[in-house]
Amino acid sequence: MIADQTNGLPRYCHPYHGGWDVARIALDIPESRILFVCPVSCARIICLNAVKYGYKDRIDVLALSEDDIVSGNYEEKTIEAACCVLDHQKQLPKALILYVSCIDAMLGNDHSFQTREIMDRYPGVNCFVLKMCPITRYSGDLPLVALQHDMYAPLEKERIPHEKTVTFIGSNIAYDRENELVRLIEDSGYRALHIQASSSYEDYLAVRGSALNLCLMPFGKSACEMLKERYDTPFIPYFARYDFASVRSTMNAVCAALNLPLPDMNALERETERILKETADYIGDTELVIDGIATLFPDALRNTLESCGFRVRRVYSDSVNRVSPDIDSGEVTVPLKRSYQADENVIAVGMVSASFEGADRAVDIFYDNGWWGHDGLRKIAAEIRKAYDHPRSGEEIREEARR
């Protein structure tokens, strides 16, 4: 359950919500494998998600008993389980991630001796620890912030010469090559790098030589700061704020950093406005509801959509601090009341707002799907049209409510 701070109803975070649990995010590291070390109940969501989204062959679970936890036995059992996993691989992974749950944080264990012993036995495997700590959901140490930082921390600390590479940090989903900024980067002779788009561990290592890091989500800021300190790699906030001024500002900053010519932003804005207005006309008086899981800055999206003729009924906030979006902090608000009666005159942008409204039309988008800028707005418009044309069945809505 996800509790809230506004006396509202708790929300059950079901296994298929968004499809991006902590394991799947970490498996963005190419040629990696995970050993989850946790009570079996904690592994349930991870395993269900792994089956649903097709990465079950890269995850193993060491299910801890109460005796293991109380006695401290599981420290040795972790090493044994890791060796057992590696011994049964036809081809060793380049990285083995020991993923521990919040109970491990409560016990305050030091895992350095475990990772050292595993790497001594398997010299070609980089072994490190990541943490699944939902208990820090409302603290200053947000789980997604720690996860993004710790995913890049195992990189070797030696600096290497910067190459013509621009790396995207903070988003689980790789950029779309149709995006105007990605096209600009690649057309100018730079390599656009996102580890989720690669199957080679070498591309993970290549992050050390990036000439510029683009931080797509505030969750990645801590990682970008570490990479800047370690490799002297500058970074630019590249947040998916869907207002034209922010998009233009980001394009200006990236072009200045890479000494690239600025594309015709006026033409891009005119074309995006045309598509949005056509979509608003297409759905008529159907209203939108937007949530902060669909897009990190839902109010910015709301303002842009309303300026192009859409009717936005309300916004549900469940997001990072939007007043200071480039800091690692969190806030949560959820509604006091919900309806599970299907509303035929609403399209939900995000599955949380779809659940709250009982909407039979929904855009399944999770933290912007790696989209950004004018291309991202055009994709959202296309998804709104698709949702308008293809309502969900009553059974689908009831099943979501039961979850």
# chains A, B, ... in the order shown; residues from 1 in each chain; ligands from 1
>>> select_by_dssp(residues="range 161-264 of chain A", states="strand (DSSP E or B)", output="list of chain:residue names")
A:Thr165, A:Val166, A:Thr167, A:Phe168, A:Ile169, A:Arg191, A:Ala192, A:Leu193, A:Leu212, A:Asn213, A:Leu214, A:Cys215, A:Phe235, A:Ile236, A:Pro237
>>> select_by_dssp(residues="range 122-314 of chain A", states="helix (DSSP H, G or I)", output="PyMOL selection string")
chain A and resi 134-136+143-152+180-187+195-197+201-209+218-231+244-258+265-283+298-307
>>> residues_around(residues="range 271-288 of chain A", least_positions_apart="5", cutoff="12 Å", atoms="only C-alpha atoms", output="NGL selection string")
:A and (180 or 242-244 or 264-266 or 298 or 301-302 or 304-316 or 343-350 or 353-354 or 357 or 359-363 or 373-389)
>>> atom_distance(atom1="CA of Lys164 in chain A", atom2="CA of Met226 in chain A")
20.1 Å
>>> residues_around(residues="range 29-37 of chain A", least_positions_apart="5", cutoff="8 Å", atoms="only C-alpha atoms", output="number ranges by chain")
A: 23, 43, 58-64, 78, 82, 93-101, 151, 195-196, 198-201, 203-204
>>> residues_around(residues="Thr167 in chain A", least_positions_apart="5", cutoff="9 Å", atoms="only C-alpha atoms", output="PDB file with N, CA, C and O atoms, in the first residue's frame")
ATOM      1  N   ARG A 191      27.036  11.038 -30.643  1.00  0.00           N
ATOM      2  CA  ARG A 191      26.313   9.806 -30.358  1.00  0.00           C
ATOM      3  C   ARG A 191      25.351  10.057 -29.206  1.00  0.00           C
ATOM      4  O   ARG A 191      25.740  10.564 -28.157  1.00  0.00           O
ATOM      5  N   ALA A 192      24.089   9.733 -29.390  1.00  0.00           N
ATOM      6  CA  ALA A 192      23.097   9.792 -28.315  1.00  0.00           C
ATOM      7  C   ALA A 192      23.090   8.436 -27.623  1.00  0.00           C
ATOM      8  O   ALA A 192      22.831   7.405 -28.255  1.00  0.00           O
ATOM      9  N   LEU A 193      23.372   8.414 -26.311  1.00  0.00           N
ATOM     10  CA  LEU A 193      23.533   7.160 -25.577  1.00  0.00           C
ATOM     11  C   LEU A 193      22.529   7.060 -24.437  1.00  0.00           C
ATOM     12  O   LEU A 193      22.416   7.964 -23.613  1.00  0.00           O
ATOM     13  N   HIS A 194      21.792   5.978 -24.439  1.00  0.00           N
ATOM     14  CA  HIS A 194      20.943   5.615 -23.296  1.00  0.00           C
ATOM     15  C   HIS A 194      21.128   4.120 -23.102  1.00  0.00           C
ATOM     16  O   HIS A 194      20.930   3.336 -24.035  1.00  0.00           O
ATOM     17  N   ILE A 195      21.513   3.704 -21.884  1.00  0.00           N
ATOM     18  CA  ILE A 195      21.882   2.301 -21.687  1.00  0.00           C
ATOM     19  C   ILE A 195      20.719   1.357 -21.931  1.00  0.00           C
ATOM     20  O   ILE A 195      20.928   0.181 -22.257  1.00  0.00           O
ATOM     21  N   VAL A 207      29.604   5.501 -20.502  1.00  0.00           N
ATOM     22  CA  VAL A 207      29.076   6.686 -19.829  1.00  0.00           C
ATOM     23  C   VAL A 207      30.217   7.523 -19.258  1.00  0.00           C
ATOM     24  O   VAL A 207      30.129   8.753 -19.174  1.00  0.00           O
ATOM     25  N   SER A 210      31.330  10.402 -21.617  1.00  0.00           N
ATOM     26  CA  SER A 210      30.323  11.295 -22.178  1.00  0.00           C
ATOM     27  C   SER A 210      30.803  12.746 -22.136  1.00  0.00           C
ATOM     28  O   SER A 210      31.399  13.201 -21.150  1.00  0.00           O
ATOM     29  N   ALA A 211      30.515  13.490 -23.215  1.00  0.00           N
ATOM     30  CA  ALA A 211      30.853  14.912 -23.251  1.00  0.00           C
ATOM     31  C   ALA A 211      29.812  15.746 -22.524  1.00  0.00           C
ATOM     32  O   ALA A 211      30.109  16.839 -22.034  1.00  0.00           O
ATOM     33  N   LEU A 212      28.577  15.230 -22.453  1.00  0.00           N
ATOM     34  CA  LEU A 212      27.485  15.950 -21.802  1.00  0.00           C
ATOM     35  C   LEU A 212      26.449  14.937 -21.352  1.00  0.00           C
ATOM     36  O   LEU A 212      26.120  14.004 -22.088  1.00  0.00           O
ATOM     37  N   ASN A 213      25.929  15.105 -20.128  1.00  0.00           N
ATOM     38  CA  ASN A 213      24.824  14.288 -19.646  1.00  0.00           C
ATOM     39  C   ASN A 213      23.556  15.127 -19.619  1.00  0.00           C
ATOM     40  O   ASN A 213      23.571  16.264 -19.149  1.00  0.00           O
ATOM     41  N   LEU A 214      22.479  14.550 -20.124  1.00  0.00           N
ATOM     42  CA  LEU A 214      21.174  15.202 -20.081  1.00  0.00           C
ATOM     43  C   LEU A 214      20.331  14.493 -19.034  1.00  0.00           C
ATOM     44  O   LEU A 214      20.070  13.294 -19.141  1.00  0.00           O
ATOM     45  N   CYS A 215      19.915  15.226 -18.019  1.00  0.00           N
ATOM     46  CA  CYS A 215      19.162  14.663 -16.896  1.00  0.00           C
ATOM     47  C   CYS A 215      17.675  14.826 -17.176  1.00  0.00           C
ATOM     48  O   CYS A 215      17.109  15.897 -16.987  1.00  0.00           O
TER      49      CYS A 215
END
>>> closest_residue(among="A:Glu80, A:Asp299, A:Arg24, A:Arg248", to="Leu268 in chain A", atoms="only C-alpha atoms")
A:Arg248
>>> closest_atom_pairs(of="range 50-92 of chain A", to="range 118-126 of chain A", cutoff="12 Å", atoms="only C-alpha atoms", output="tab-separated table")
residue	atom	partner	partner_atom	distance
A:Glu76	CA	A:Ile118	CA	11.2
A:Thr78	CA	A:Ile118	CA	9.9
A:Ile79	CA	A:Ile118	CA	6.7
A:Glu80	CA	A:Ile118	CA	9.2
A:Ala81	CA	A:Ile118	CA	10.4
A:Ala82	CA	A:Ile118	CA	7.4
A:Cys83	CA	A:Ile118	CA	7.1
A:Cys84	CA	A:Ile118	CA	10.8
A:Val85	CA	A:Ile118	CA	11.2
A:Leu86	CA	A:Tyr122	CA	8.4
A:Asp87	CA	A:Tyr122	CA	9.6
A:Gln91	CA	A:Val125	CA	10.9
A:Leu92	CA	A:Val125	CA	7.3
>>> closest_residue(among="A:Ile185, A:Cys224, A:Ala174, A:Val289", to="Leu262 in chain A", atoms="only C-alpha atoms")
A:Ile185
>>> atom_distance(atom1="CA of Thr165 in chain A", atom2="CA of Tyr190 in chain A")
5.4 Å
>>> atom_distance(atom1="CA of Asp291 in chain A", atom2="CA of Arg44 in chain A")
26.2 Å
